[in-house]
>>> print(open('model.cif').read())   # mmCIF, C-alpha atoms
data_work
loop_
_atom_site.label_atom_id
_atom_site.label_comp_id
_atom_site.auth_asym_id
_atom_site.auth_seq_id
_atom_site.Cartn_x
_atom_site.Cartn_y
_atom_site.Cartn_z
CA MET Z 1411 118.16 70.47 107.62
CA GLU Z 1412 119.38 73.44 105.61
CA ILE Z 1413 116.74 75.87 104.47
CA ASN Z 1414 117.35 77.11 100.93
CA LEU Z 1415 115.49 80.43 100.90
CA LYS Z 1416 116.73 81.24 97.42
CA GLY Z 1417 115.34 77.95 96.13
CA TYR Z 1418 111.97 78.59 97.78
CA LEU Z 1419 111.84 82.08 96.28
CA THR Z 1420 112.59 80.66 92.85
CA ILE Z 1421 109.76 78.15 93.20
CA ILE Z 1422 107.33 80.88 94.29
CA LEU Z 1423 108.32 83.26 91.48
CA LYS Z 1424 107.96 80.46 88.93
CA ARG Z 1425 104.26 80.16 89.80
CA TRP Z 1426 103.52 83.80 90.68
CA TRP Z 1427 100.58 83.91 88.25
CA LEU Z 1428 98.86 81.06 90.06
CA ILE Z 1429 99.31 82.81 93.42
CA VAL Z 1430 97.90 86.07 92.05
CA MET Z 1431 94.84 84.35 90.53
CA ILE Z 1432 93.93 82.39 93.67
CA VAL Z 1433 94.51 85.28 96.10
CA LEU Z 1434 92.60 87.71 93.88
CA ALA Z 1435 89.67 85.32 93.50
CA CYS Z 1436 89.44 84.64 97.26
CA THR Z 1437 89.70 88.32 98.17
CA VAL Z 1438 87.08 89.43 95.63
CA LEU Z 1439 84.65 86.69 96.67
CA THR Z 1440 85.05 87.61 100.34
CA ALA Z 1441 84.48 91.29 99.57
CA LEU Z 1442 81.31 90.49 97.60
CA TYR Z 1443 80.03 88.21 100.36
CA THR Z 1444 80.62 90.68 103.19
CA THR Z 1445 79.08 93.53 101.19
CA SER Z 1446 75.96 91.61 100.20
CA ASN Z 1447 75.39 90.28 103.75
CA TYR Z 1448 76.04 93.55 105.59
CA VAL Z 1449 72.99 94.74 107.55
CA PRO Z 1450 73.32 98.07 109.41
CA ILE Z 1451 72.12 98.08 113.02
CA TYR Z 1452 70.93 101.35 114.55
CA GLN Z 1453 70.74 102.28 118.21
CA ALA Z 1454 68.49 104.64 120.17
CA SER Z 1455 68.40 105.26 123.89
CA THR Z 1456 66.48 107.07 126.58
CA LYS Z 1457 67.68 108.14 130.03
CA LEU Z 1458 65.73 107.87 133.24
CA ILE Z 1459 66.56 108.88 136.80
CA VAL Z 1460 65.55 107.29 140.08
CA ASN Z 1461 65.01 110.59 141.89
CA LYS Z 1462 62.98 110.34 145.09
CA THR Z 1463 65.83 111.67 147.22
CA TYR Z 1464 64.12 114.49 149.13
CA GLU Z 1465 62.39 114.54 152.50
CA GLN Z 1466 60.75 117.34 154.48
CA ASP Z 1467 62.07 118.48 157.84
CA GLN Z 1468 59.92 119.75 160.76
CA LEU Z 1469 59.62 123.17 159.12
CA GLY Z 1470 58.36 121.66 155.85
CA THR Z 1471 61.61 122.37 153.95
CA GLU Z 1472 62.76 119.73 151.46
CA GLN Z 1473 66.22 118.33 152.11
CA ILE Z 1474 68.29 115.74 150.29
CA ASP Z 1475 67.93 112.31 151.85
CA TYR Z 1476 71.41 110.87 151.32
CA GLY Z 1477 70.27 107.52 152.61
CA ALA Z 1478 67.62 107.42 149.86
CA ILE Z 1479 70.31 108.02 147.24
CA GLY Z 1480 72.00 104.78 148.21
CA VAL Z 1481 68.67 102.96 148.22
CA ASN Z 1482 67.80 104.29 144.76
CA MET Z 1483 71.17 103.22 143.36
CA ALA Z 1484 70.59 99.75 144.78
CA LEU Z 1485 67.10 99.69 143.26
CA ILE Z 1486 68.53 100.30 139.79
CA ASN Z 1487 69.81 96.72 139.64
CA THR Z 1488 66.31 95.53 140.47
CA TYR Z 1489 64.78 97.84 137.86
CA LYS Z 1490 67.21 96.58 135.21
CA GLU Z 1491 65.91 93.07 135.74
CA ILE Z 1492 62.26 94.10 135.94
CA ILE Z 1493 62.39 95.95 132.60
CA LYS Z 1494 63.53 92.83 130.76
CA THR Z 1495 60.70 90.66 132.07
CA PRO Z 1496 57.28 89.92 130.52
CA ALA Z 1497 55.72 92.08 133.26
CA ILE Z 1498 56.94 95.14 131.32
CA MET Z 1499 57.52 93.78 127.81
CA ASP Z 1500 54.03 92.23 127.54
CA LYS Z 1501 52.56 95.65 128.32
CA VAL Z 1502 54.72 97.25 125.61
CA VAL Z 1503 53.51 94.71 123.04
CA GLN Z 1504 49.88 95.27 124.07
CA ARG Z 1505 50.01 99.09 124.09
CA TYR Z 1506 52.13 99.47 120.96
CA PRO Z 1507 50.94 96.83 118.47
CA ASP Z 1508 52.27 98.99 115.62
CA LEU Z 1509 55.81 98.03 116.69
CA ASN Z 1510 55.05 94.55 115.34
CA VAL Z 1511 57.41 92.75 117.74
CA SER Z 1512 56.95 89.93 120.22
CA THR Z 1513 57.89 89.89 123.88
CA ASP Z 1514 60.92 87.69 123.27
CA GLN Z 1515 62.09 89.96 120.44
CA LEU Z 1516 61.78 93.02 122.68
CA ILE Z 1517 63.80 91.35 125.41
CA SER Z 1518 66.59 90.63 122.92
CA ILE Z 1519 66.44 94.11 121.36
CA VAL Z 1520 66.46 96.15 124.58
CA ASN Z 1521 69.40 96.62 126.91
CA VAL Z 1522 69.37 98.42 130.26
CA SER Z 1523 72.39 99.88 132.08
CA ASN Z 1524 73.19 102.40 134.79
CA LEU Z 1525 75.61 105.22 134.06
CA ASN Z 1526 78.82 105.37 136.09
CA GLU Z 1527 77.31 104.26 139.41
CA THR Z 1528 74.74 107.09 139.35
CA GLN Z 1529 70.98 107.21 139.73
CA VAL Z 1530 70.65 107.51 135.94
CA MET Z 1531 69.50 104.54 133.87
CA SER Z 1532 69.77 104.11 130.13
CA ILE Z 1533 67.32 102.05 128.08
CA THR Z 1534 68.84 101.21 124.70
CA ALA Z 1535 67.17 99.56 121.71
CA ARG Z 1536 68.91 98.19 118.62
CA HIS Z 1537 67.16 97.52 115.34
CA VAL Z 1538 67.79 97.44 111.60
CA SER Z 1539 65.47 100.45 111.37
CA HIS Z 1540 66.59 103.60 113.18
CA GLU Z 1541 63.02 104.87 113.47
CA ARG Z 1542 61.86 101.56 114.92
CA ALA Z 1543 64.71 101.59 117.46
CA VAL Z 1544 63.65 105.09 118.59
CA ARG Z 1545 60.01 104.06 118.98
CA ILE Z 1546 60.92 100.91 120.92
CA ALA Z 1547 63.21 102.77 123.35
CA ASN Z 1548 60.54 105.42 124.04
CA ALA Z 1549 57.76 102.84 124.37
CA VAL Z 1550 59.67 100.73 126.90
CA SER Z 1551 60.53 103.86 128.93
CA ASP Z 1552 56.91 105.03 129.01
CA VAL Z 1553 55.53 101.64 130.02
CA PHE Z 1554 58.22 101.17 132.68
CA GLN Z 1555 57.49 104.58 134.20
CA THR Z 1556 53.77 103.85 134.45
CA GLU Z 1557 54.05 100.23 135.59
CA ILE Z 1558 56.83 100.45 138.20
CA PRO Z 1559 54.58 102.14 140.85
CA LYS Z 1560 52.19 99.19 140.55
CA ILE Z 1561 54.99 96.65 140.88
CA MET Z 1562 57.25 98.31 143.48
CA LYS Z 1563 54.65 100.53 145.21
CA VAL Z 1564 56.94 103.52 144.72
CA ASP Z 1565 56.87 106.35 142.19
CA ASN Z 1566 60.49 107.40 141.73
CA ILE Z 1567 61.12 107.23 137.96
CA THR Z 1568 61.49 110.34 135.83
CA ILE Z 1569 62.38 110.37 132.11
CA LEU Z 1570 65.30 112.72 131.53
CA ASN Z 1571 65.38 112.56 127.74
CA ARG Z 1572 63.60 110.63 125.06
CA ALA Z 1573 65.11 109.06 121.95
CA LYS Z 1574 64.81 111.17 118.80
CA VAL Z 1575 64.93 110.31 115.14
CA GLN Z 1576 68.14 111.60 113.51
CA ASP Z 1577 68.42 112.78 109.94
CA ASN Z 1578 71.60 110.81 109.20
CA PRO Z 1579 71.92 108.08 111.83
CA THR Z 1580 75.19 106.17 112.07
CA PRO Z 1581 74.94 102.38 112.43
CA VAL Z 1582 76.68 100.89 115.44
CA ASN Z 1583 78.14 98.09 113.32
CA GLN Z 1584 80.31 99.95 110.85
CA LYS Z 1585 81.53 98.10 107.75
CA SER Z 1586 84.85 96.43 108.43
CA ASN Z 1587 87.56 95.22 106.05
CA GLN Z 1588 88.74 92.71 108.63
CA TYR Z 1589 87.42 89.65 106.78
CA ILE Z 1590 88.77 90.89 103.43
CA ILE Z 1591 92.25 91.40 104.88
CA LEU Z 1592 92.07 88.03 106.63
CA SER Z 1593 91.00 86.34 103.40
CA PHE Z 1594 93.94 87.91 101.55
CA ILE Z 1595 96.49 86.78 104.16
CA VAL Z 1596 95.09 83.26 104.54
CA SER Z 1597 94.74 82.63 100.79
CA LEU Z 1598 98.26 83.95 100.15
CA ALA Z 1599 99.80 81.78 102.88
CA ALA Z 1600 97.78 78.71 101.87
CA THR Z 1601 98.64 79.04 98.18
CA ILE Z 1602 102.36 79.47 98.84
CA GLY Z 1603 102.28 76.56 101.27
CA ILE Z 1604 100.56 74.27 98.76
CA ILE Z 1605 103.01 75.24 95.99
CA LEU Z 1606 106.01 74.50 98.22
CA LEU Z 1607 104.44 71.23 99.36
CA VAL Z 1608 103.75 70.07 95.80
CA ASP Z 1609 107.31 70.95 94.80
CA ALA Z 1610 108.71 69.07 97.81
CA LEU Z 1611 106.69 65.95 96.91
CA ASP Z 1612 107.88 66.10 93.30
CA ASP Z 1613 110.86 63.70 93.13
CA THR Z 1614 111.62 64.06 89.41
CA LEU Z 1615 115.15 65.06 88.35
CA LYS Z 1616 115.23 68.54 86.93
CA THR Z 1617 118.81 69.83 87.09
CA ASP Z 1618 122.40 68.62 86.79
CA GLU Z 1619 122.73 68.92 90.54
CA ASP Z 1620 119.77 66.56 91.05
CA ILE Z 1621 121.41 63.92 88.83
CA ARG Z 1622 124.76 64.18 90.59
CA GLU Z 1623 123.13 64.06 94.00
CA VAL Z 1624 120.85 61.07 93.35
CA MET Z 1625 122.87 58.94 90.90
CA GLU Z 1626 126.33 60.12 91.90
CA LEU Z 1627 127.17 60.49 88.20
CA SER Z 1628 128.37 63.43 86.18
CA THR Z 1629 126.51 64.58 83.07
CA LEU Z 1630 128.34 64.44 79.75
CA ALA Z 1631 125.76 66.41 77.80
CA TYR Z 1632 122.17 67.54 77.98
CA ILE Z 1633 119.40 68.32 75.55
CA PRO Z 1634 118.01 71.80 76.07
CA LYS Z 1635 114.28 72.29 76.23
CA VAL Z 1636 112.96 73.95 73.11
CA LYS Z 1637 109.75 75.90 73.24
CA ASN Z 1638 107.10 75.28 70.62
CA LYS Z 1639 107.36 78.84 69.34
CA GLU Z 1640 111.09 78.55 68.82
CA LEU Z 1641 110.68 75.16 67.12
CA ARG Z 1642 108.03 76.45 64.72
CA ALA Z 1643 110.13 79.52 63.96
CA LYS Z 1644 113.14 77.35 63.10
CA LEU Z 1645 111.04 75.08 60.88
CA ARG Z 1646 109.63 78.07 59.00
CA SER Z 1647 113.12 79.50 58.59
CA LYS Z 1648 114.40 76.20 57.22
CA SER Z 1649 111.42 75.94 54.87
CA ARG Z 1650 112.03 79.42 53.47
CA LYS Z 1651 115.75 78.72 53.08
CA LYS Z 1652 115.06 75.44 51.29
CA ALA Z 1653 112.56 77.14 48.97
CA LYS Z 1654 115.13 79.78 48.08
CA GLU Z 1655 117.72 77.08 47.31
CA ILE Z 1656 115.27 75.24 45.03
CA ALA Z 1657 114.37 78.46 43.25
CA TYR Z 1658 118.04 79.29 42.79
CA ALA Z 1659 118.78 75.81 41.44
CA LYS Z 1660 115.98 76.12 38.89
CA THR Z 1661 117.27 79.50 37.77
CA ILE Z 1662 120.78 78.13 37.13
CA HIS Z 1663 119.40 75.11 35.34
#
>>> encode(input="model.cif", output="structure tokens")
Amino acid sequence: MEINLKGYLTIILKRWWLIVMIVLACTVLTALYTTSNYVPIYQASTKLIVNKTYEQDQLGTEQIDYGAIGVNMALINTYKEIIKTPAIMDKVVQRYPDLNVSTDQLISIVNVSNLNETQVMSITARHVSHERAVRIANAVSDVFQTEIPKIMKVDNITILNRAKVQDNPTPVNQKSNQYIILSFIVSLAATIGIILLVDALDDTLKTDEDIREVMELSTLAYIPKVKNKELRAKLRSKSRKKAKEIAYAKTIH
């Protein structure tokens, strides 16, 4: 099957106004929707260290216990799971009622990770309010530090830095034009595809070539299509000419 690119281009250019209208409408609607539904999410984090890595020798001098370092790094995985349990989150809800969040909400808001296989842990909170995210991260860190000795019977958590409120915080979910661009591409492709499909399903005879191809007959003559404007202009011209002839005839008579 031969592909007539020139014919396809002619069909597309013939209905360019329809393509522009549909693509513009889809793109504008998508832009309005994404803008009106955009909700910035802010993030705040605190860092803690599992730091009981010293022991005293016979002379009473503190030395690094390298075996304890490995133990502490292994404990971090346990601590990560403990933080996101009701044993810690229930205490946060009870001690900080002003946060106005439930235990399940806290568990979904807070994320815990260890940094590059070190003894440092990071407690991160995400919220639509930057100030609320800061308060949640600090509250969870404080409760975890006070509760872990009761749970694990070991006091080896130190807060390295607390989350602070920033003057101009940057949301972690920046606005993206991805959906607008996607809407433009999809609407353009769909509109062109529909136009080509409608033209392919249209089996009416439009040109001399269509008549020769279907009926295997040659055309002797054809009636050109006259636009309404041209027809009205010709009628007005004939009317004026006829009026002049009548006026001239009356003058002679």
>>> closest_residue(input="model.cif", among="Z:Lys1424, Z:Ala1573, Z:Val1553, Z:Ile1432", to="Ser1593 of chain Z", atoms="only C-alpha atoms")
Z:Ile1432
>>> atom_distance(input="model.cif", atom1="atom CA of Leu1442 of chain Z", atom2="atom CA of Leu1598 of chain Z")
18.3 Å
>>> atom_distance(input="model.cif", atom1="atom CA of Tyr1589 of chain Z", atom2="atom CA of Thr1601 of chain Z")
17.7 Å
>>> atom_distance(input="model.cif", atom1="atom CA of Asn1461 of chain Z", atom2="atom CA of Asn1566 of chain Z")
5.5 Å
>>> closest_residue(input="model.cif", among="Z:Ser1455, Z:Ser1597, Z:Ser1523, Z:Thr1440", to="Ala1543 of chain Z", atoms="all atoms listed in the file")
Z:Ser1455
>>> residues_near_point(input="model.cif", point="(51.7, 100.0, 129.0)", cutoff="8 Å", atoms="all atoms listed in the file", output="PDB file with C-alpha atoms, in the frame of the given file")
ATOM      1  CA  ILE Z1498      56.940  95.140 131.320  1.00  0.00           C
ATOM      2  CA  LYS Z1501      52.560  95.650 128.320  1.00  0.00           C
ATOM      3  CA  VAL Z1502      54.720  97.250 125.610  1.00  0.00           C
ATOM      4  CA  GLN Z1504      49.880  95.270 124.070  1.00  0.00           C
ATOM      5  CA  ARG Z1505      50.010  99.090 124.090  1.00  0.00           C
ATOM      6  CA  ASP Z1552      56.910 105.030 129.010  1.00  0.00           C
ATOM      7  CA  VAL Z1553      55.530 101.640 130.020  1.00  0.00           C
ATOM      8  CA  PHE Z1554      58.220 101.170 132.680  1.00  0.00           C
ATOM      9  CA  THR Z1556      53.770 103.850 134.450  1.00  0.00           C
ATOM     10  CA  GLU Z1557      54.050 100.230 135.590  1.00  0.00           C
TER      11      GLU Z1557
END
>>> residues_near_point(input="model.cif", point="(70.0, 101.8, 122.7)", cutoff="10 Å", atoms="all atoms listed in the file", output="JSON, numbers by chain")
{"Z": [1452, 1453, 1454, 1455, 1456, 1457, 1519, 1520, 1521, 1522, 1523, 1532, 1533, 1534, 1535, 1536, 1537, 1543, 1544, 1546, 1547, 1573, 1582]}
>>> closest_residue(input="model.cif", among="Z:Ala1497, Z:Arg1545, Z:Pro1450, Z:Ser1551", to="Val1575 of chain Z", atoms="only C-alpha atoms")
Z:Arg1545
>>> residues_around(input="model.cif", residues="Thr1528 of chain Z", least_positions_apart="3", cutoff="7 Å", atoms="all atoms listed in the file", output="count of residues only")
3
>>> resolve_selection(input="model.cif", expression="the PyMOL selection byres ((chain Z and resi 1591) around 12)", output="PDB file with C-alpha atoms, keeping the file's coordinate frame")
ATOM      1  CA  VAL Z1433      94.510  85.280  96.100  1.00  0.00           C
ATOM      2  CA  LEU Z1434      92.600  87.710  93.880  1.00  0.00           C
ATOM      3  CA  CYS Z1436      89.440  84.640  97.260  1.00  0.00           C
ATOM      4  CA  THR Z1437      89.700  88.320  98.170  1.00  0.00           C
ATOM      5  CA  VAL Z1438      87.080  89.430  95.630  1.00  0.00           C
ATOM      6  CA  THR Z1440      85.050  87.610 100.340  1.00  0.00           C
ATOM      7  CA  ALA Z1441      84.480  91.290  99.570  1.00  0.00           C
ATOM      8  CA  THR Z1444      80.620  90.680 103.190  1.00  0.00           C
ATOM      9  CA  SER Z1586      84.850  96.430 108.430  1.00  0.00           C
ATOM     10  CA  ASN Z1587      87.560  95.220 106.050  1.00  0.00           C
ATOM     11  CA  GLN Z1588      88.740  92.710 108.630  1.00  0.00           C
ATOM     12  CA  TYR Z1589      87.420  89.650 106.780  1.00  0.00           C
ATOM     13  CA  ILE Z1590      88.770  90.890 103.430  1.00  0.00           C
ATOM     14  CA  LEU Z1592      92.070  88.030 106.630  1.00  0.00           C
ATOM     15  CA  SER Z1593      91.000  86.340 103.400  1.00  0.00           C
ATOM     16  CA  PHE Z1594      93.940  87.910 101.550  1.00  0.00           C
ATOM     17  CA  ILE Z1595      96.490  86.780 104.160  1.00  0.00           C
ATOM     18  CA  VAL Z1596      95.090  83.260 104.540  1.00  0.00           C
ATOM     19  CA  SER Z1597      94.740  82.630 100.790  1.00  0.00           C
ATOM     20  CA  LEU Z1598      98.260  83.950 100.150  1.00  0.00           C
TER      21      LEU Z1598
END
>>> closest_residue(input="model.cif", among="Z:Leu1415, Z:Ile1561, Z:Asp1577, Z:Ser1518", to="Tyr1489 of chain Z", atoms="only C-alpha atoms")
Z:Ile1561
>>> closest_residue(input="model.cif", among="Z:Gln1529, Z:Gln1555, Z:Asn1414, Z:Ser1539", to="Thr1580 of chain Z", atoms="only C-alpha atoms")
Z:Ser1539
>>> closest_residue(input="model.cif", among="Z:Arg1642, Z:Ser1647, Z:Asn1526, Z:Arg1425", to="Val1608 of chain Z", atoms="all atoms listed in the file")
Z:Arg1425
